[in-house]
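Working notes for the structure below.
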Amino acid sequence: MIQQLIDEKNKFIKFSINNKFLYFIIVLATMLSYGIKLVGLNISIDTEAIIDDFDVQMKAWNSIDRFGLVAFKKLFSLHSFNPFVANFLTIFFLFFTCIFICYLVNKISRNKIKSPTIVILPLLFLTHPIFAEQFNFTLQSFEVALSMFLIVCSMILINMYIEYKTPLFLFLSIIFSSWSLLTYQSLIIFYISLSITIVILLLNFDKNLNLLDYLKVISLFLLVFICSMIITQSLVFIGHQMFSIKSTDYLNSKITWGKLPFIEIFSILKSHFKNILLAKGIFYNLGFDISILSCFFIFIKKIILKSRFIAFEILCVLLLNVSPFMLTIFMGNVEPIRSQMPSMQFVIAFNFLYVAINLTTKSFLAIFISLALVIAFRQGVTTANLFYSERAKYEEDVIFANRINIQLDSLNVSDRKNYSLVLIGEKTVNSNLVIQGETLGHSFFAWDIGGPYGTSSRAVGFMRTLGYDFKYPSNEEYKKGLLLKEKMSAFPKKNSILINDNTIFIKLSD
């Protein structure tokens with residue numbers, strides 16, 4: 001086995017030497033899309049929680065069965081949280097996820113996909129704006145990126161098992177997949193998408209395989225998947241029993257099958273699919289539509305040429321394009337945009353690669369690659385804009401927090417830790433630089449407005465990260481604030497702040 005690992009290492013080194021241009025382009029695209037995360041530090045929704053109380057956040061993740069995420073955090077974070085380290089490691093593992101995906105594709109294609117063709121796969125993948133919504137959750141971004149990387153490593157290990165017939169590679173593949181699924185459950189879809197992709201690549205580049213051989217490959221993916229699911233569910237069960245962890249309905253509550261009429265669920269799904277196909281919103285573009293239509297032209301070409309196993313190949317490509325929607329269909333509901341990653345952008349990127357490797361006319365190939373590069377660049381700019389927007393929002397929140405505390409200083413409020421802070425209403429961002437997504441661009445002073453504490457919990461947590469160590473309000477104090485708000489004006493007017501014993505009430509809006 002040692003010799004096999006050495007052989008694989010040498011193959012990877014050779015791949016890297018032969019693809020310096022690929023590395024260079026991926027570095028450029030990474031810096032365009034994510035560079036601001038390294039030079040403009042800020043925190044986003046939920047990150048204030050882990051900074052303020054690390055252990056409470058660990059318990060919250062345990063309650064939704066993300067034991068792998070907790071294990072990663074305790075292993076790498078030294079029981080504290082540093083946004084710069086998180087951002088650096090996120091970008092590092094996202095970069096190598098792209099490199100390893102390219103290596104996997106290169107390995108299966110037997111080095112037949114050259115630059116610049118292979119470049120379109122990582123560029124369309126890593127620049128996609130959906131990543132901005134996911135990696136805006138700085139508190140978990142590194143662990144999610146690392147888990148994506150491990151899923152790709154799992155696929156490489158399965159391929160190595162097929163090549164070398166060494167059972168340990170299959171065992172390691174199961175371990176990597178299990179850990180990834182314990183970290184972020186929606187990566188199940190990424191595993192499925194990658195598995196289908198490998199079968200499609202084998203259909204295009206290994207003409208010596210028969211249908212039974214393909215079924216054996218598929219059975220290996222199923223074996224690793226089933227074993228990984230058994231391991232993750234067993235560990236979840238053991239964890240709940242040993243540590244008396246109580247699960248929440250965070251995930252199950254989003255499933256609508258059996259809770260809503262079928263017609264209503266169908267309408268929800270139809271609207272969601274329509275939004276994606278019509279490229280509505282900042283997170284979608286026509287790349288998906290273009291890639292699917294292009295695939296159909298390749299199908300027609302292959303049918304005319306009577307390609308081997310064309311019906312099976314068409315089925316695989318269709319299943320691949322359905323895979324990003326599997327979680328949506330399973331839930332009967334629209335999942336958060338961040339949960340659509342990385343399968344959505346990977347499928348779009350691979351569709352473009354699939355078409356490119358099947359174009360034989362050089363002029364058509366050049367036009368198609370140019371189109372892919374234009375889409376990738378536009379995606380990268382959009383992603384960078386979203387992170388820039390988030391930075392502008394953060395700075396506006398910091399300024400507003402400072403304004404509140406300057407007012408409190410004028411009222412002789414000195415030792416913040418002696419006071420509970422109740423915020424009534426909300427304060428939305430005013431900057432025209434801000435682009436709002438699901439969590440992107442939303443102020444700490446406007447989040448959870450309909451919750452039992454209004455915006456108070458989020459805003460107090462945020463201000464505590466700035467050194468204003470107010471106490472969190474109780475539910476009774478918040479209810480009292482709701483009764484007092486009619487007598488108060490909105491901040492920063494004179495009577496917008498009321499101090500009652502050790503509780504500060506601030507009305508942010510009417």
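Residues in the structure tokens are numbered from 1 in each chain, the chains being A, B, ... in the order shown, and ligands are numbered from 1 in the order shown.
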What lies within 12 Å of region 308-315 of chain A using only C-alpha atoms, ignoring chain neighbours under 4 positions off, as a PyMOL selection string? chain A and resi 196-212+214-215+292+295-304+319-322+354
Please identify which residues in region 193-358 of chain A DSSP calls alpha helix (DSSP H) from the backbone, and express them as a VMD selection string. chain A and resid 193 to 205 211 to 243 262 to 277 287 to 304 310 to 322 326 to 331 343 to 357
How close does region 142-189 of chain A get to region 326-343 of chain A? List, as a Markdown table, each residue of region 142-189 of chain A within 12 Å, its nearest atom pair and the distance in Å to one decimal, counting only C-alpha atoms.
```
| residue | atom | partner | partner_atom | distance |
| --- | --- | --- | --- | --- |
| A:Val144 | CA | A:Pro342 | CA | 10.0 |
| A:Ala145 | CA | A:Pro342 | CA | 9.6 |
| A:Ser147 | CA | A:Pro342 | CA | 11.0 |
| A:Met148 | CA | A:Pro342 | CA | 7.9 |
| A:Phe149 | CA | A:Pro342 | CA | 10.9 |
| A:Ile151 | CA | A:Pro342 | CA | 11.0 |
| A:Val152 | CA | A:Pro342 | CA | 11.5 |
| A:Tyr184 | CA | A:Ser339 | CA | 9.0 |
| A:Gln185 | CA | A:Ser339 | CA | 8.9 |
| A:Ser186 | CA | A:Ser339 | CA | 6.0 |
| A:Leu187 | CA | A:Pro342 | CA | 7.6 |
| A:Ile188 | CA | A:Leu327 | CA | 9.1 |
| A:Ile189 | CA | A:Ser343 | CA | 6.2 |
```
Dump of N, CA, C and O atoms for the selected residues, as a PDB file, in the first residue's frame:
```pdb
ATOM      1  N   VAL A 144     -16.864  23.498   6.642  1.00  0.00           N
ATOM      2  CA  VAL A 144     -17.643  23.102   5.467  1.00  0.00           C
ATOM      3  C   VAL A 144     -16.728  22.929   4.258  1.00  0.00           C
ATOM      4  O   VAL A 144     -16.848  21.956   3.503  1.00  0.00           O
ATOM      5  N   ALA A 145     -15.789  23.854   4.062  1.00  0.00           N
ATOM      6  CA  ALA A 145     -14.839  23.750   2.950  1.00  0.00           C
ATOM      7  C   ALA A 145     -13.962  22.512   3.094  1.00  0.00           C
ATOM      8  O   ALA A 145     -13.707  21.800   2.113  1.00  0.00           O
ATOM      9  N   SER A 147     -14.773  19.758   4.648  1.00  0.00           N
ATOM     10  CA  SER A 147     -15.634  18.590   4.403  1.00  0.00           C
ATOM     11  C   SER A 147     -15.861  18.371   2.908  1.00  0.00           C
ATOM     12  O   SER A 147     -15.911  17.227   2.447  1.00  0.00           O
ATOM     13  N   MET A 148     -16.015  19.461   2.150  1.00  0.00           N
ATOM     14  CA  MET A 148     -16.095  19.341   0.696  1.00  0.00           C
ATOM     15  C   MET A 148     -14.826  18.690   0.151  1.00  0.00           C
ATOM     16  O   MET A 148     -14.877  17.798  -0.710  1.00  0.00           O
ATOM     17  N   PHE A 149     -13.697  19.135   0.656  1.00  0.00           N
ATOM     18  CA  PHE A 149     -12.399  18.588   0.247  1.00  0.00           C
ATOM     19  C   PHE A 149     -12.329  17.091   0.561  1.00  0.00           C
ATOM     20  O   PHE A 149     -11.864  16.294  -0.260  1.00  0.00           O
ATOM     21  N   ILE A 151     -14.824  14.996   0.807  1.00  0.00           N
ATOM     22  CA  ILE A 151     -15.711  14.258  -0.105  1.00  0.00           C
ATOM     23  C   ILE A 151     -14.984  13.980  -1.420  1.00  0.00           C
ATOM     24  O   ILE A 151     -15.047  12.866  -1.964  1.00  0.00           O
ATOM     25  N   VAL A 152     -14.269  14.974  -1.932  1.00  0.00           N
ATOM     26  CA  VAL A 152     -13.501  14.782  -3.169  1.00  0.00           C
ATOM     27  C   VAL A 152     -12.397  13.747  -2.944  1.00  0.00           C
ATOM     28  O   VAL A 152     -12.167  12.871  -3.787  1.00  0.00           O
ATOM     29  N   TYR A 184     -21.723  18.511   7.797  1.00  0.00           N
ATOM     30  CA  TYR A 184     -22.753  19.296   7.093  1.00  0.00           C
ATOM     31  C   TYR A 184     -23.576  18.334   6.240  1.00  0.00           C
ATOM     32  O   TYR A 184     -23.097  17.812   5.239  1.00  0.00           O
ATOM     33  N   GLN A 185     -24.813  18.115   6.668  1.00  0.00           N
ATOM     34  CA  GLN A 185     -25.615  17.034   6.094  1.00  0.00           C
ATOM     35  C   GLN A 185     -25.897  17.176   4.605  1.00  0.00           C
ATOM     36  O   GLN A 185     -25.990  16.180   3.891  1.00  0.00           O
ATOM     37  N   SER A 186     -26.023  18.404   4.110  1.00  0.00           N
ATOM     38  CA  SER A 186     -26.393  18.576   2.703  1.00  0.00           C
ATOM     39  C   SER A 186     -25.272  18.186   1.751  1.00  0.00           C
ATOM     40  O   SER A 186     -25.484  18.128   0.541  1.00  0.00           O
ATOM     41  N   LEU A 187     -24.078  17.870   2.277  1.00  0.00           N
ATOM     42  CA  LEU A 187     -22.993  17.384   1.419  1.00  0.00           C
ATOM     43  C   LEU A 187     -23.283  15.994   0.865  1.00  0.00           C
ATOM     44  O   LEU A 187     -22.568  15.508  -0.007  1.00  0.00           O
ATOM     45  N   ILE A 188     -24.335  15.361   1.374  1.00  0.00           N
ATOM     46  CA  ILE A 188     -24.812  14.093   0.783  1.00  0.00           C
ATOM     47  C   ILE A 188     -25.046  14.284  -0.713  1.00  0.00           C
ATOM     48  O   ILE A 188     -24.690  13.426  -1.530  1.00  0.00           O
ATOM     49  N   ILE A 189     -25.636  15.411  -1.070  1.00  0.00           N
ATOM     50  CA  ILE A 189     -25.960  15.675  -2.476  1.00  0.00           C
ATOM     51  C   ILE A 189     -24.688  15.834  -3.294  1.00  0.00           C
ATOM     52  O   ILE A 189     -24.619  15.397  -4.449  1.00  0.00           O
TER      53      ILE A 189
END
```
Between A:Ala132, A:Met229, A:Leu278, A:Ile120, single out the one closest to Phe368 (chain A), counting only C-alpha atoms.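 The answer is A:Ile120, which sits nearest to Phe368 (chain A).
Take the candidates A:Pro324, A:Gly35, A:Pro452, A:Gly40 and check each one against Glu395 (chain A) using only C-alpha atoms; the shortest distance goes to A:Gly40.
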List every residue of region 280-494 of chain A that DSSP, applied to the backbone of this structure, places in strand (DSSP E), and write the result as an MDAnalysis selection string. chainID A and resid 420:424
Shortest contact to Lys11 (chain A), candidates A:Asn106, A:Asn159, A:Thr361, A:Gln436, atoms counted only C-alpha atoms, goes to A:Asn106
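Taking only C-alpha atoms, the non-local environment of region 482-484 of chain A within 9 Å (same-chain residues fewer than 6 positions away omitted) comprises A:Ile424, A:Leu498, A:Phe505.
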Could you write out that same residue set with C-alpha atoms as a PDB file, in the first residue's frame?
```
ATOM      1  CA  ILE A 424     -37.295  47.535  20.425  1.00  0.00           C
ATOM      2  CA  LEU A 498     -35.065  54.743  28.874  1.00  0.00           C
ATOM      3  CA  PHE A 505     -34.520  50.174  26.769  1.00  0.00           C
TER       4      PHE A 505
END
```
For Lys246 (chain A), please output as a PDB file with all heavy atoms, in the first residue's frame all residues within 9 Å (counting only C-alpha atoms; exclusion window: fewer than 6 positions along the same chain).
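What landed in result12.pdb:
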```pdb
ATOM      1  N   ASN A  62     -24.406  20.372  18.248  1.00  0.00           N
ATOM      2  CA  ASN A  62     -24.683  18.995  18.668  1.00  0.00           C
ATOM      3  C   ASN A  62     -26.175  18.684  18.590  1.00  0.00           C
ATOM      4  O   ASN A  62     -26.568  17.564  18.249  1.00  0.00           O
ATOM      5  CB  ASN A  62     -24.180  18.760  20.094  1.00  0.00           C
ATOM      6  CG  ASN A  62     -22.696  18.424  20.153  1.00  0.00           C
ATOM      7  OD1 ASN A  62     -22.156  17.838  19.222  1.00  0.00           O
ATOM      8  ND2 ASN A  62     -22.041  18.793  21.248  1.00  0.00           N
ATOM      9  N   SER A  63     -26.990  19.686  18.895  1.00  0.00           N
ATOM     10  CA  SER A  63     -28.445  19.464  18.905  1.00  0.00           C
ATOM     11  C   SER A  63     -29.017  19.247  17.513  1.00  0.00           C
ATOM     12  O   SER A  63     -30.141  18.749  17.364  1.00  0.00           O
ATOM     13  CB  SER A  63     -29.155  20.649  19.575  1.00  0.00           C
ATOM     14  OG  SER A  63     -29.108  21.802  18.747  1.00  0.00           O
ATOM     15  N   ILE A  64     -28.248  19.625  16.455  1.00  0.00           N
ATOM     16  CA  ILE A  64     -28.701  19.351  15.081  1.00  0.00           C
ATOM     17  C   ILE A  64     -27.787  18.311  14.413  1.00  0.00           C
ATOM     18  O   ILE A  64     -27.666  18.256  13.198  1.00  0.00           O
ATOM     19  CB  ILE A  64     -28.784  20.646  14.231  1.00  0.00           C
ATOM     20  CG1 ILE A  64     -27.457  21.406  14.225  1.00  0.00           C
ATOM     21  CG2 ILE A  64     -29.901  21.540  14.724  1.00  0.00           C
ATOM     22  CD1 ILE A  64     -27.463  22.622  13.300  1.00  0.00           C
ATOM     23  N   HIS A 240     -26.083  10.921  21.385  1.00  0.00           N
ATOM     24  CA  HIS A 240     -27.288  11.331  22.113  1.00  0.00           C
ATOM     25  C   HIS A 240     -27.428  10.558  23.421  1.00  0.00           C
ATOM     26  O   HIS A 240     -27.816  11.125  24.452  1.00  0.00           O
ATOM     27  CB  HIS A 240     -28.525  11.123  21.247  1.00  0.00           C
ATOM     28  CG  HIS A 240     -28.704  12.154  20.186  1.00  0.00           C
ATOM     29  ND1 HIS A 240     -28.885  13.486  20.461  1.00  0.00           N
ATOM     30  CD2 HIS A 240     -28.715  12.062  18.825  1.00  0.00           C
ATOM     31  CE1 HIS A 240     -29.013  14.169  19.335  1.00  0.00           C
ATOM     32  NE2 HIS A 240     -28.903  13.324  18.324  1.00  0.00           N
TER      33      HIS A 240
END
```
Could you list, as a list in words, every residue within 8 Å of Val224 (chain A), counting only C-alpha atoms and ignoring same-chain residues fewer than 4 positions away?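 Residues near the query, excluding close chain neighbours: Leu170, Ser173, Ile174, Ser177, Leu220 and Ser228 of chain A.
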Go ahead and dump the residues you just picked, all heavy atoms, as a PDB file, in the first residue's frame.
```pdb
ATOM      1  N   LEU A 170     -10.778   1.857   0.308  1.00  0.00           N
ATOM      2  CA  LEU A 170     -12.232   1.903   0.424  1.00  0.00           C
ATOM      3  C   LEU A 170     -12.636   2.261   1.857  1.00  0.00           C
ATOM      4  O   LEU A 170     -13.571   3.052   2.072  1.00  0.00           O
ATOM      5  CB  LEU A 170     -12.826   0.551   0.024  1.00  0.00           C
ATOM      6  CG  LEU A 170     -14.276   0.553  -0.460  1.00  0.00           C
ATOM      7  CD1 LEU A 170     -14.440   1.416  -1.693  1.00  0.00           C
ATOM      8  CD2 LEU A 170     -14.739  -0.868  -0.738  1.00  0.00           C
ATOM      9  N   SER A 173     -12.086   5.897   2.387  1.00  0.00           N
ATOM     10  CA  SER A 173     -13.140   6.635   1.684  1.00  0.00           C
ATOM     11  C   SER A 173     -14.400   6.722   2.542  1.00  0.00           C
ATOM     12  O   SER A 173     -15.034   7.784   2.628  1.00  0.00           O
ATOM     13  CB  SER A 173     -13.457   5.938   0.353  1.00  0.00           C
ATOM     14  OG  SER A 173     -14.547   6.560  -0.278  1.00  0.00           O
ATOM     15  N   ILE A 174     -14.741   5.638   3.201  1.00  0.00           N
ATOM     16  CA  ILE A 174     -15.921   5.609   4.075  1.00  0.00           C
ATOM     17  C   ILE A 174     -15.728   6.554   5.265  1.00  0.00           C
ATOM     18  O   ILE A 174     -16.641   7.302   5.635  1.00  0.00           O
ATOM     19  CB  ILE A 174     -16.195   4.170   4.566  1.00  0.00           C
ATOM     20  CG1 ILE A 174     -16.635   3.294   3.387  1.00  0.00           C
ATOM     21  CG2 ILE A 174     -17.275   4.160   5.653  1.00  0.00           C
ATOM     22  CD1 ILE A 174     -16.690   1.808   3.698  1.00  0.00           C
ATOM     23  N   SER A 177     -15.986  10.230   4.064  1.00  0.00           N
ATOM     24  CA  SER A 177     -17.376  10.579   3.753  1.00  0.00           C
ATOM     25  C   SER A 177     -18.203  10.716   5.026  1.00  0.00           C
ATOM     26  O   SER A 177     -19.014  11.637   5.160  1.00  0.00           O
ATOM     27  CB  SER A 177     -17.995   9.519   2.839  1.00  0.00           C
ATOM     28  OG  SER A 177     -17.352   9.491   1.593  1.00  0.00           O
ATOM     29  N   LEU A 220     -19.993   0.318  -5.861  1.00  0.00           N
ATOM     30  CA  LEU A 220     -18.980   0.796  -4.919  1.00  0.00           C
ATOM     31  C   LEU A 220     -19.397   2.128  -4.303  1.00  0.00           C
ATOM     32  O   LEU A 220     -19.258   2.339  -3.089  1.00  0.00           O
ATOM     33  CB  LEU A 220     -17.636   0.963  -5.625  1.00  0.00           C
ATOM     34  CG  LEU A 220     -16.791  -0.295  -5.833  1.00  0.00           C
ATOM     35  CD1 LEU A 220     -15.534   0.034  -6.632  1.00  0.00           C
ATOM     36  CD2 LEU A 220     -16.413  -0.927  -4.502  1.00  0.00           C
ATOM     37  N   SER A 228     -21.310   4.873   5.091  1.00  0.00           N
ATOM     38  CA  SER A 228     -21.137   6.200   5.695  1.00  0.00           C
ATOM     39  C   SER A 228     -22.388   6.625   6.453  1.00  0.00           C
ATOM     40  O   SER A 228     -22.303   7.171   7.559  1.00  0.00           O
ATOM     41  CB  SER A 228     -20.794   7.234   4.617  1.00  0.00           C
ATOM     42  OG  SER A 228     -19.591   6.912   3.961  1.00  0.00           O
TER      43      SER A 228
END
```
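Put simply, CA of Ser80 (chain A) is 15.0 Å away from CA of Ser141 (chain A).
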Any idea what's packed within 8 Å of Phe352 (chain A), counting only C-alpha atoms, ignoring anything in its chain fewer than 6 positions away? Could you give it as a ChimeraX atom specification? /A:120-121,291,294,372
Write out as number ranges by chain each polymer residue whose atoms come within 9 Å of Ala356 (chain A), counting only C-alpha atoms; drop sequence neighbours fewer than 2 positions from it. A: 117-118, 351-354, 358-360, 364-365, 368-369
Written selection (N, CA, C and O atoms) as a compact mmCIF listing (two decimals), in the first residue's frame:
```
# COMPACT_ATOMS: atom_id res chain seq x y z
N THR A 117 -9.38 23.63 -21.63
CA THR A 117 -10.71 23.01 -21.47
C THR A 117 -11.01 22.70 -20.01
O THR A 117 -12.09 23.04 -19.49
N ILE A 118 -10.05 22.08 -19.31
CA ILE A 118 -10.33 21.67 -17.93
C ILE A 118 -10.49 22.87 -17.00
O ILE A 118 -11.10 22.77 -15.93
N ASN A 351 -21.45 20.30 -16.46
CA ASN A 351 -22.20 20.34 -17.72
C ASN A 351 -21.38 21.02 -18.82
O ASN A 351 -21.31 20.54 -19.96
N PHE A 352 -20.78 22.15 -18.46
CA PHE A 352 -19.95 22.87 -19.44
C PHE A 352 -18.75 22.01 -19.87
O PHE A 352 -18.41 21.97 -21.05
N LEU A 353 -18.13 21.34 -18.91
CA LEU A 353 -16.98 20.49 -19.24
C LEU A 353 -17.42 19.33 -20.12
O LEU A 353 -16.73 18.98 -21.09
N TYR A 354 -18.56 18.74 -19.81
CA TYR A 354 -19.08 17.60 -20.58
C TYR A 354 -19.30 18.00 -22.04
O TYR A 354 -18.94 17.25 -22.96
N ASN A 358 -16.88 16.98 -25.66
CA ASN A 358 -17.56 16.31 -26.77
C ASN A 358 -17.68 17.19 -28.01
O ASN A 358 -18.33 16.79 -28.99
N LEU A 359 -17.08 18.37 -27.97
CA LEU A 359 -17.04 19.23 -29.15
C LEU A 359 -15.77 18.93 -29.94
O LEU A 359 -14.66 19.02 -29.40
N THR A 360 -15.92 18.58 -31.19
CA THR A 360 -14.76 18.22 -32.01
C THR A 360 -14.31 19.35 -32.93
O THR A 360 -13.19 19.35 -33.42
N PHE A 364 -15.96 25.90 -32.55
CA PHE A 364 -17.08 25.79 -31.61
C PHE A 364 -16.55 25.66 -30.18
O PHE A 364 -17.10 26.25 -29.24
N LEU A 365 -15.49 24.88 -30.01
CA LEU A 365 -14.91 24.68 -28.68
C LEU A 365 -14.38 26.00 -28.13
O LEU A 365 -14.59 26.32 -26.95
N PHE A 368 -17.26 28.16 -27.08
CA PHE A 368 -17.92 27.64 -25.89
C PHE A 368 -17.09 27.90 -24.64
O PHE A 368 -17.62 28.29 -23.59
N ILE A 369 -15.78 27.69 -24.74
CA ILE A 369 -14.89 27.96 -23.60
C ILE A 369 -14.91 29.45 -23.26
O ILE A 369 -14.95 29.83 -22.08
```
Coordinates-based distance that separates CA of Asp46 (chain A) from CA of Phe76 (chain A) (Å, one decimal):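 So the answer is 19.0 Å.
In this comparison, which uses only C-alpha atoms, the residue of A:Lys59, A:His128, A:Ile91, A:Val460 approaching Tyr284 (chain A) most closely is A:His128.
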How many Å lie between CA of Phe93 (chain A) and CA of Phe142 (chain A), rounded to one decimal? 7.6 Å
Compare A:Glu133, A:Asp289, A:Glu396, A:Glu390 by their minimum atom-to-atom distance to Val347 (chain A), counting only C-alpha atoms, and give me the closest one. A:Asp289
